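*Asks:* Sharing a structure below in structure tokens format, with a few things to ask.
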Amino acid sequence: MRDSARLLRRGRSALVAAVATGLLLAGGAAPPAALASPARPGTPVPVQLLSITDLHGYFGDYTTTVPGARAGEPARQVGGGAYLTTHLKQRQAGQRNSILFSAGDDFSGWPNETGWFWNEPTIEYLNSVGLDFSTVGNHEMDRGYDFLRHMDDGTCRWRPDNDICFTDSTGRRFHGADYDYYSGSLVDDRSGKPKMPPYHVEYVSDGHGGRLPVGFVHATTKLMSEEQMSYTPEGFDFLDEADTVNKYAAVLRRQGVKAIVAVIHEGYSQEAGAGYDECVNPFGPMYDANARISADVDAIITGHWHALVNCMLPDPAGNPRPVVEAANHGRLFNEINLQLDPRTGEVLRDRTTSVNHANTQDVTPDPETLRIADYWRAELAKRSNLPAGRVTADLTRAPGDSAESTMYNVAADAFLWAAKKDGKADLAVAMPGILRRDVKYAADPANPADAPGQVLFSEIALGTVYDSGIGVGLVRGDVTGAQLDKLLESQWQQAADGTVTYRQMAVSGNVQYRYDLSRPVGDRVDPASVRIGGKPLKPKSTYRIATLANNFFAKNATPGFTALFDARKQDRSLYNGGDALWRYLEKASPVRPPALNRATPVRSS
């Protein structure tokens, strides 16, 4: 914990995570004396809430557009962390009580300068802008809980290969966030207790030497395990967001906190064509949840949908409150201004305002953010040209993945190797459509750092295997031999008009089988021909299989391949598809193109 640094930076105090959890476990004990505020005359106490959501590491150069603030207004050019920093500083200027936070999905970014350093640069940026706290988004769990703890605390322990804790732009080793992550809905599946602090309190100055509490309750989408990158098959449950908010809002009220804000990484949107600061026919999970979230909650900040919407919606008591979502990638940020009764600490609802601001590029970019971004771009250039392994010849895909190929066979071998490094697996498969490029033996004539047979980091680590940002994890699960036979049969798919499409699924090198194209779809693989580790497939035996996480549930699975949906005892490897291939290539170098004899057609007589 780095609370003393945070308190010095912000000039106000917070109810820290350990204290908050302790109060909760005590069953709603009496509030600390600091929460009690004597009756004070005077004008309402202003509190500014500045929030971003779904930044995804986009703090470097980035230009895009947003529609106008109102329907019919012209689109605006926006984007870039240096402009965002300037806008935030300008909005904070002169504000006695300004709180800056995120509604989650801060990292697991797609920009190479942050993704190739496992998003540690994003933490450096958020530290530099003085982020006060963040709610856990689904992407904060993209490599499991240990990954989140690393980003929060700088543990330097989550990766199996220790490729972690890079030197930042100040010359300092990565130390984690200078702020805390919170979620009340991400819970241990055995104890039912939150893995992160579920709520906390920020204190604001009343302008007369006293202070007032503002409570924040936090929740993460209950659909986290329906996202392919954050798929978490064991160890955690994901509770309903509204129920979670109501539970901890009640705890805060019992502690005497009257001003309460919910920060929820789940979203909603509005009618197409509306402006980014409008509320036209809103719809979605958080629009529906608003009617269930306690009237004790004075504002709701959402994320996850990457939507542009700013509503004042009635709470269950009929009083309006802001329910907002400020896009993604730093295109917008939201500003809510509360007015607190100086005597009671209650939010004066009729004085609340909410505005979504565009991150326009018509301000002076912040020099500190530019320096950080420039540093990581330079580091990216260096890392891109590092050798990652060698090949003896091209590794290529078949056109349309319509046949066994050397590139896919290597990918399946890499998945098995990685799955066995931190767990158990009997075989691995690489689904069609997951590889985006071949690996070439010839040197890139445009890159002096390349050489024949050499594979550079930039050619293999990210962007070769289907994934985005930090990558889709490998998952292992138990299936029967009969389910494996069904999985192999899935390679042939028959359309309503009778046409048959073949999409080859690569199997690891310890698997062989024969198939007969003269037989009907669904019965082309001879189960008696299937060998795993040299042994015949047994329909009732259990086999542990590894492949990318998205193939274990319906939402993002490779179309037609459903046999893994009921796999038992699923668990995640610390590897994802991209770094499994990269590290396998490194360890197995020089890699020779595998023989194309794992799936053999039966020759007609």
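Note on naming: chains are A, B, ... as they come in the structure tokens, residues start from 1 per chain, ligands start from 1 in the order shown.
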Identify, on the basis of only C-alpha atoms, every residue whose closest approach to A:Arg149 does not exceed 9 Å; exclude the query and any residue fewer than 4 positions from it along the same chain; express the result as a list in words.
*Replies:*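 So the residues in contact are Tyr145, Asp153, Gly154, Thr155, Trp158 and Gly176 of chain A.
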*Asks:* Could you save the residues just selected, with N, CA and C atoms, as a tab-separated table (two decimals), in the first residue's frame?
*Replies:*
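So again.tsv came out as:
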```
chain	number	residue	atom	x	y	z
A	145	TYR	N	-6.06	-13.15	-11.27
A	145	TYR	CA	-5.95	-12.29	-10.10
A	145	TYR	C	-4.51	-11.87	-9.81
A	153	ASP	N	0.06	-3.63	-6.97
A	153	ASP	CA	1.09	-3.56	-5.93
A	153	ASP	C	2.52	-3.72	-6.43
A	154	GLY	N	2.72	-3.98	-7.74
A	154	GLY	CA	4.07	-4.15	-8.24
A	154	GLY	C	4.74	-5.41	-7.73
A	155	THR	N	4.01	-6.53	-7.68
A	155	THR	CA	4.53	-7.75	-7.08
A	155	THR	C	5.67	-8.38	-7.88
A	158	TRP	N	3.69	-12.36	-11.40
A	158	TRP	CA	2.60	-13.08	-12.06
A	158	TRP	C	3.00	-13.83	-13.32
A	176	GLY	N	4.08	-0.64	-9.43
A	176	GLY	CA	2.64	-0.75	-9.31
A	176	GLY	C	1.95	0.59	-9.22
```
*Asks:* List every residue of stretch 484-551 of chain A that DSSP, applied to the backbone, labels as strand (DSSP E or B), and write the result as a PyMOL selection string.
*Replies:* chain A and resi 492-494+500-502+506-507+511-515+525+531-532+535-536+542-548
*Asks:* Just to be explicit: take each residue in the selection above, keep C-alpha atoms, and write the result as a PDB file, in the first residue's frame.
*Replies:*
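result-v7.pdb, written as the output of this step:
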```
ATOM      1  CA  TRP A 492     -16.446 -30.459 -41.335  1.00  0.00           C
ATOM      2  CA  GLN A 493     -19.539 -28.275 -41.181  1.00  0.00           C
ATOM      3  CA  GLN A 494     -22.548 -28.711 -43.437  1.00  0.00           C
ATOM      4  CA  VAL A 500     -19.642 -28.758 -46.654  1.00  0.00           C
ATOM      5  CA  THR A 501     -16.872 -26.485 -45.395  1.00  0.00           C
ATOM      6  CA  TYR A 502     -13.653 -27.898 -43.966  1.00  0.00           C
ATOM      7  CA  ALA A 506      -4.402 -28.311 -35.655  1.00  0.00           C
ATOM      8  CA  VAL A 507      -3.557 -30.910 -33.019  1.00  0.00           C
ATOM      9  CA  VAL A 511      -1.933 -36.718 -31.633  1.00  0.00           C
ATOM     10  CA  GLN A 512      -2.643 -38.563 -34.889  1.00  0.00           C
ATOM     11  CA  TYR A 513      -5.865 -39.681 -36.570  1.00  0.00           C
ATOM     12  CA  ARG A 514      -7.364 -40.700 -39.929  1.00  0.00           C
ATOM     13  CA  TYR A 515     -10.469 -39.376 -41.641  1.00  0.00           C
ATOM     14  CA  VAL A 525     -12.966 -39.509 -38.172  1.00  0.00           C
ATOM     15  CA  ARG A 531      -3.786 -41.897 -30.964  1.00  0.00           C
ATOM     16  CA  ILE A 532      -2.809 -39.610 -28.083  1.00  0.00           C
ATOM     17  CA  LYS A 535      -2.170 -44.816 -27.125  1.00  0.00           C
ATOM     18  CA  PRO A 536      -5.627 -45.474 -28.629  1.00  0.00           C
ATOM     19  CA  THR A 542     -10.738 -38.463 -19.522  1.00  0.00           C
ATOM     20  CA  TYR A 543      -8.255 -36.270 -21.389  1.00  0.00           C
ATOM     21  CA  ARG A 544      -6.997 -32.836 -20.417  1.00  0.00           C
ATOM     22  CA  ILE A 545      -7.013 -30.496 -23.403  1.00  0.00           C
ATOM     23  CA  ALA A 546      -5.632 -26.980 -23.806  1.00  0.00           C
ATOM     24  CA  THR A 547      -6.539 -24.222 -26.235  1.00  0.00           C
ATOM     25  CA  LEU A 548      -7.483 -20.535 -26.220  1.00  0.00           C
TER      26      LEU A 548
END
```
*Asks:* At a cut-off of 10 Å, using only C-alpha atoms, what residues contact A:Gly273? Leave out same-chain residues fewer than 4 positions from it and give the result as a list in words.
*Replies:*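 The residues that qualify are Pro67, Gly68, Arg70, Ala71, Gly72 and Val280 of chain A.
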*Asks:* How would you write, as a list in words, the set of residues in stretch 454-524 of chain A that DSSP gives as helix (DSSP H, G or I)?
*Replies:*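 Matching residues, listed in order: Phe457, Ser458, Glu459, Ile460, Gly481, Ala482, Gln483, Leu484, Asp485, Lys486, Leu487, Leu488 and Glu489 of chain A.
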*Asks:* Can you pull out every residue within 12 Å of A:Pro320, counting only C-alpha atoms, but drop anything in the same chain fewer than 2 positions away, and send it as a VMD selection string?
*Replies:* chain A and resid 290 to 291 295 to 300 311 to 318 322 to 323 347 to 354
*Asks:* Put those residues in a file: C-alpha atoms, as a PDB file, in the first residue's frame.
*Replies:*
```pdb
ATOM      1  CA  ASN A 290     -30.641   2.127 -11.997  1.00  0.00           C
ATOM      2  CA  ALA A 291     -34.209   1.330 -10.939  1.00  0.00           C
ATOM      3  CA  ALA A 295     -31.841   5.897  -3.524  1.00  0.00           C
ATOM      4  CA  ASP A 296     -28.971   6.339  -1.037  1.00  0.00           C
ATOM      5  CA  VAL A 297     -26.635   6.356  -4.071  1.00  0.00           C
ATOM      6  CA  ASP A 298     -26.289   9.880  -5.446  1.00  0.00           C
ATOM      7  CA  ALA A 299     -24.467   9.208  -8.742  1.00  0.00           C
ATOM      8  CA  ILE A 300     -23.607   6.198 -10.902  1.00  0.00           C
ATOM      9  CA  CYS A 311     -28.397  10.824 -18.253  1.00  0.00           C
ATOM     10  CA  MET A 312     -30.217  12.164 -15.247  1.00  0.00           C
ATOM     11  CA  LEU A 313     -32.446   9.227 -14.269  1.00  0.00           C
ATOM     12  CA  PRO A 314     -34.887   8.890 -11.391  1.00  0.00           C
ATOM     13  CA  ASP A 315     -33.779   6.715  -8.489  1.00  0.00           C
ATOM     14  CA  PRO A 316     -36.307   4.409  -6.760  1.00  0.00           C
ATOM     15  CA  ALA A 317     -37.511   7.382  -4.697  1.00  0.00           C
ATOM     16  CA  GLY A 318     -38.103   9.434  -7.840  1.00  0.00           C
ATOM     17  CA  PRO A 322     -26.546  11.198 -12.937  1.00  0.00           C
ATOM     18  CA  VAL A 323     -25.947   7.869 -14.639  1.00  0.00           C
ATOM     19  CA  VAL A 347     -25.897  15.563  -1.485  1.00  0.00           C
ATOM     20  CA  LEU A 348     -28.265  18.347  -2.499  1.00  0.00           C
ATOM     21  CA  ARG A 349     -29.655  16.486  -5.500  1.00  0.00           C
ATOM     22  CA  ASP A 350     -31.305  19.488  -7.140  1.00  0.00           C
ATOM     23  CA  ARG A 351     -27.880  21.131  -7.486  1.00  0.00           C
ATOM     24  CA  THR A 352     -26.059  18.173  -9.096  1.00  0.00           C
ATOM     25  CA  THR A 353     -24.723  18.670 -12.619  1.00  0.00           C
ATOM     26  CA  SER A 354     -23.104  16.223 -15.020  1.00  0.00           C
TER      27      SER A 354
END
```
